[in-house]
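The block underneath contains the structure these notes are about, expressed in structure tokens.
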Amino acid sequence: MKKDKPHSSAVRIIGLGNGMRGDDAVGLLAARRIRQQAGDKVEVIEAEMAGVDLVELMDGAQAVILIDAARSGQAPGTIHRLDASARPISGRMIPRSSHALGTVDALELARAMGALPAAVIVYGVEAGNTEAGQPLSPAVAKALDQVVDRIIQDCEACHA
Amino acid sequence: MTGKEEARNTRTIAVDLVARVEGEGALRVTVKDGTVQDVELRIFEPPRFFEAFLQGRHYSEVPDIVARICGICPVAYQMSAVHAIEQVFGLHVDGALRDLRRLLYCGEWIESHALHVYLLQAPDFLGYDSGIAMAKDHPAVVTRGLRLKKAGNAIMTLLGGRSVHPVSVKVGGFSRVPLRSELNGLKEELLWARDAAIETVRWVADFDYPDFMPDYTYVALHHPDEYPFNEGQVAVSNGLQISTTEFEQHFVEHQVSYSTALHCTLQGTSYLVGPLARLNSNQDHLTPLVQQVLADTRTVMPLRNPFHGIIARSVEILYALEESLRLIDRYEPPPVSALPVVVRSGTGMACTEAPRGILYHRYQVDGDGVIREAKIVPPTSQNQSRIEQDLRLFLPRLLQLPDQEVALACERVIRCYDPCISCATHFLNLEITREGVA
């Protein structure tokens, strides 16, 4: 798990996924790209298979942007922007993790414990191929560029 | 019975998801005329992919590759792998390096067990359908569980380089060993966690447990001097004790038609691995504090009820914390972070105690250090047959209940094993078919 030093950025960006399972890596790769492009303007965490540890990773942040692979039946590469701040997002959108508590579960656990940051935006990138050992599929690779641009715009809006 | 009558008397209960189980798979139960006919646990299995994926890879890549099999027990995969490969090379890791491996494994047990105890299994006993629902009413309890888990994470992060998929483990030792001061920095939190673990044992010992005591064959590592993590003989509760090199002569994997996972049996019969088996086989190596807590909570050993697995896990969290503190106190950094490796060809086998039980690895390595064959037998594959057997025994008392409650009770039985189906699979669905009159 790569974590920048704590600093006073307005937004914490957390990329989730499994780096070895094809399109499931898209959240991690987006976080890495944002770190390279945005430098120290934002706090970025690559949280491979965070599961319940997401509760702790969000701790203390005012605003969090999560990026994860999604599977809702839409075309691979479709980008969903979901606001989890006020109410749960659908568990059908971000697939249940194979590791006990997935992203949606961890968000709801944080909410139940009163530990959910005031603003939580989830970017879900519709995954195609999640076979082990595969690279991103072309549609998701294209979506990766778009989601990185959108999140950097979100961050700039926060700083404006 | 005519086909028409049979159809009229058939009831199907389908539950799409067994929640709070590590991973994904499916369960199918068939009940006919009030009798359980069939229980099939179907599992879809990535480790088999990894066995093939490892072929042709250099031995030095193996620890990092196998760590990816499971996000919950990567250390177990790394430990079984490095011990098996070290056996090929005639390498024996001892002293502080051995201690560090043991400490790293403690971290994984604490992390994995705390998650299961607090968020996966405790809700079953307290009447909640999820850890999230339980957290709303018991935030302080869940906070304690998450902080305990974090204490395990901290050990993993320091020794493994990160808390998920550690990267520092290598054949011969570690890529980097910690300073004394770094390990000492963990102590304050581990001391808090030790007290929290005592509270955890007391908490779970007070739960109401179903009266259910199947006649188990337990299998766990047994070491003459210590509670087992990385070393020991494979000890069976029937008295059989074998070296890990003899594992495949006694424990045989076979395919079942309804699952892509292999079932492992001992001389054709099901057996149990995991915390219950470990605790029962290694009571003599528990610390005085753990023994005292067991006595205070009137926990009578051996534990034979699968639902008592939550007690066994809680006891092992406490043991692992005590052991971590002991290992930290006696730590002197080793002169080298890893022993030099002289590659030679051969075959090596190792069993280590993953949080969920014995994890067996075998590697055939050629003279260039390239893996020619790999075999991995995860604990959940070993327990699958036993889970099915438990369900067969437990279901008769449930058959008068509504379908939904039967399904939930089956889930609770399955969760006792903390099946890490992700070690062996993808998504779990539950389906119960009732034929005839219930």
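Following the order of the structure tokens, chains are lettered A, B, ..., residues in each are numbered from 1, and ligands are numbered from 1.
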
Which of stretch 160-375 of chain B fall in strand (DSSP E), as an MDAnalysis selection string: chainID B and resid 169:170 173:174 219:222 233:236 241:242 251:255 262:266 346:354 357:365 371:375

Polymer residues at most 7 Å from A:Asn18, only C-alpha atoms, same-chain spacing of 4 or more positions, as a list in words: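 Surrounding residues, per the criterion: Asp24, Ala25, Glu48 and Met49 of chain A.
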
Residues near stretch 309-321 of chain B, cut-off 6 Å, only C-alpha atoms, skip fewer than 4 positions along chain, as a list in words: Cys106, Ile110, His113, Val117, Arg194, Ala197, Val201, Pro275, Leu276 and Cys416 of chain B

Could you dump the residues just selected with N, CA and C atoms as a PDB file, in the first residue's frame?
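In the end it all went to again_28.pdb:
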ATOM      1  N   CYS B 106       2.462 -14.206  12.977  1.00  0.00           N
ATOM      2  CA  CYS B 106       1.591 -13.737  14.072  1.00  0.00           C
ATOM      3  C   CYS B 106       0.739 -12.571  13.580  1.00  0.00           C
ATOM      4  N   ILE B 110      -3.350 -12.446  13.576  1.00  0.00           N
ATOM      5  CA  ILE B 110      -4.093 -11.423  14.319  1.00  0.00           C
ATOM      6  C   ILE B 110      -5.053 -10.706  13.367  1.00  0.00           C
ATOM      7  N   HIS B 113      -7.802 -13.318  11.940  1.00  0.00           N
ATOM      8  CA  HIS B 113      -8.731 -13.778  12.985  1.00  0.00           C
ATOM      9  C   HIS B 113      -9.596 -12.624  13.509  1.00  0.00           C
ATOM     10  N   VAL B 117     -13.554 -12.877  13.617  1.00  0.00           N
ATOM     11  CA  VAL B 117     -14.248 -12.876  14.910  1.00  0.00           C
ATOM     12  C   VAL B 117     -15.233 -11.706  14.976  1.00  0.00           C
ATOM     13  N   ARG B 194      -3.071  -6.920  23.439  1.00  0.00           N
ATOM     14  CA  ARG B 194      -3.105  -8.114  24.290  1.00  0.00           C
ATOM     15  C   ARG B 194      -4.268  -8.028  25.281  1.00  0.00           C
ATOM     16  N   ALA B 197      -7.396  -8.537  23.438  1.00  0.00           N
ATOM     17  CA  ALA B 197      -7.579  -9.948  23.066  1.00  0.00           C
ATOM     18  C   ALA B 197      -8.141 -10.741  24.244  1.00  0.00           C
ATOM     19  N   VAL B 201     -11.663 -12.882  24.147  1.00  0.00           N
ATOM     20  CA  VAL B 201     -11.935 -14.269  24.554  1.00  0.00           C
ATOM     21  C   VAL B 201     -13.109 -14.284  25.533  1.00  0.00           C
ATOM     22  N   PRO B 275      -8.054 -23.427  13.308  1.00  0.00           N
ATOM     23  CA  PRO B 275      -7.807 -23.068  14.722  1.00  0.00           C
ATOM     24  C   PRO B 275      -8.276 -24.115  15.735  1.00  0.00           C
ATOM     25  N   LEU B 276      -9.447 -24.716  15.514  1.00  0.00           N
ATOM     26  CA  LEU B 276      -9.912 -25.737  16.472  1.00  0.00           C
ATOM     27  C   LEU B 276      -8.926 -26.889  16.536  1.00  0.00           C
ATOM     28  N   CYS B 416     -18.346 -21.016  10.276  1.00  0.00           N
ATOM     29  CA  CYS B 416     -17.509 -21.529  11.371  1.00  0.00           C
ATOM     30  C   CYS B 416     -16.100 -21.836  10.877  1.00  0.00           C
TER      31      CYS B 416
END

Residues within 10 Å of A:Ile67, only C-alpha atoms, excluding chain neighbours under 3 positions, as a VMD selection string: chain A and resid 13 to 17 25 to 31 46 64 70 80 to 81 103 121 to 125 147 to 148 151

Nearby residues (only C-alpha atoms) at most 10 Å from stretch 281-292 of chain B, same-chain spacing under 3 positions excluded, as a PyMOL selection string: chain B and resi 198+201+218-228+235-237+275-278+295-299+301-302+315-316+318-319+322-323

Within stretch 31-82 of chain A, find each residue whose DSSP state, derived from the backbone, is alpha helix (DSSP H), and express the selection as an mmCIF file with C-alpha atoms, in the first residue's frame.
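Okay, result.cif is ready:
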data_model
loop_
_atom_site.group_PDB
_atom_site.id
_atom_site.type_symbol
_atom_site.label_atom_id
_atom_site.label_comp_id
_atom_site.auth_asym_id
_atom_site.auth_seq_id
_atom_site.Cartn_x
_atom_site.Cartn_y
_atom_site.Cartn_z
ATOM 1 C CA ALA A 31 -4.423 6.664 -8.332
ATOM 2 C CA ARG A 32 -0.843 6.188 -9.544
ATOM 3 C CA ARG A 33 -1.463 8.430 -12.562
ATOM 4 C CA ILE A 34 -3.082 11.122 -10.425
ATOM 5 C CA ARG A 35 -0.092 11.084 -8.073
ATOM 6 C CA GLN A 36 2.211 11.635 -11.061
ATOM 7 C CA GLN A 37 0.097 14.408 -12.584
ATOM 8 C CA ALA A 38 -1.140 16.255 -9.519
ATOM 9 C CA LEU A 54 -10.715 1.278 3.873
ATOM 10 C CA VAL A 55 -12.395 2.480 7.073
ATOM 11 C CA GLU A 56 -8.997 3.406 8.474
ATOM 12 C CA LEU A 57 -7.713 4.786 5.166
ATOM 13 C CA MET A 58 -10.573 7.290 5.086
#

Computed interatomic separation between atom CA of B:Gly173 and atom CA of B:Pro355 (Å): 21.1 Å

Proximity to B:Gln121 - best of B:Pro74, B:Pro334, B:Pro396, B:Pro306, only C-alpha atoms: B:Pro306

Point-to-point distance in Å for atom CA of B:Ala151 and atom CA of B:Leu183: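 Computed distance, atom CA of B:Leu183 to atom CA of B:Ala151, equals 12.4 Å.
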
Selection: 8 Å around stretch 115-119 of chain A, only C-alpha atoms, excl. self and same-chain fewer than 5 positions, as a compact mmCIF listing (two decimals) with C-alpha atoms, in the first residue's frame:
# COMPACT_ATOMS: atom_id res chain seq x y z
CA VAL A 55 -12.39 2.48 7.07
CA MET A 58 -10.57 7.29 5.09
CA ASP A 59 -10.09 8.25 8.72
CA GLY A 60 -9.57 11.94 9.29
CA ALA A 61 -10.31 13.02 5.72
CA GLN A 62 -12.95 15.63 4.97
CA ALA A 63 -13.44 14.49 1.41
CA VAL A 64 -12.51 11.21 -0.23
CA ASP A 83 -22.05 10.00 -4.27
CA ALA A 84 -21.85 7.84 -1.15
CA SER A 85 -21.86 10.81 1.24
CA LEU A 107 -18.22 2.42 3.28
CA ALA A 110 -17.69 3.46 8.30
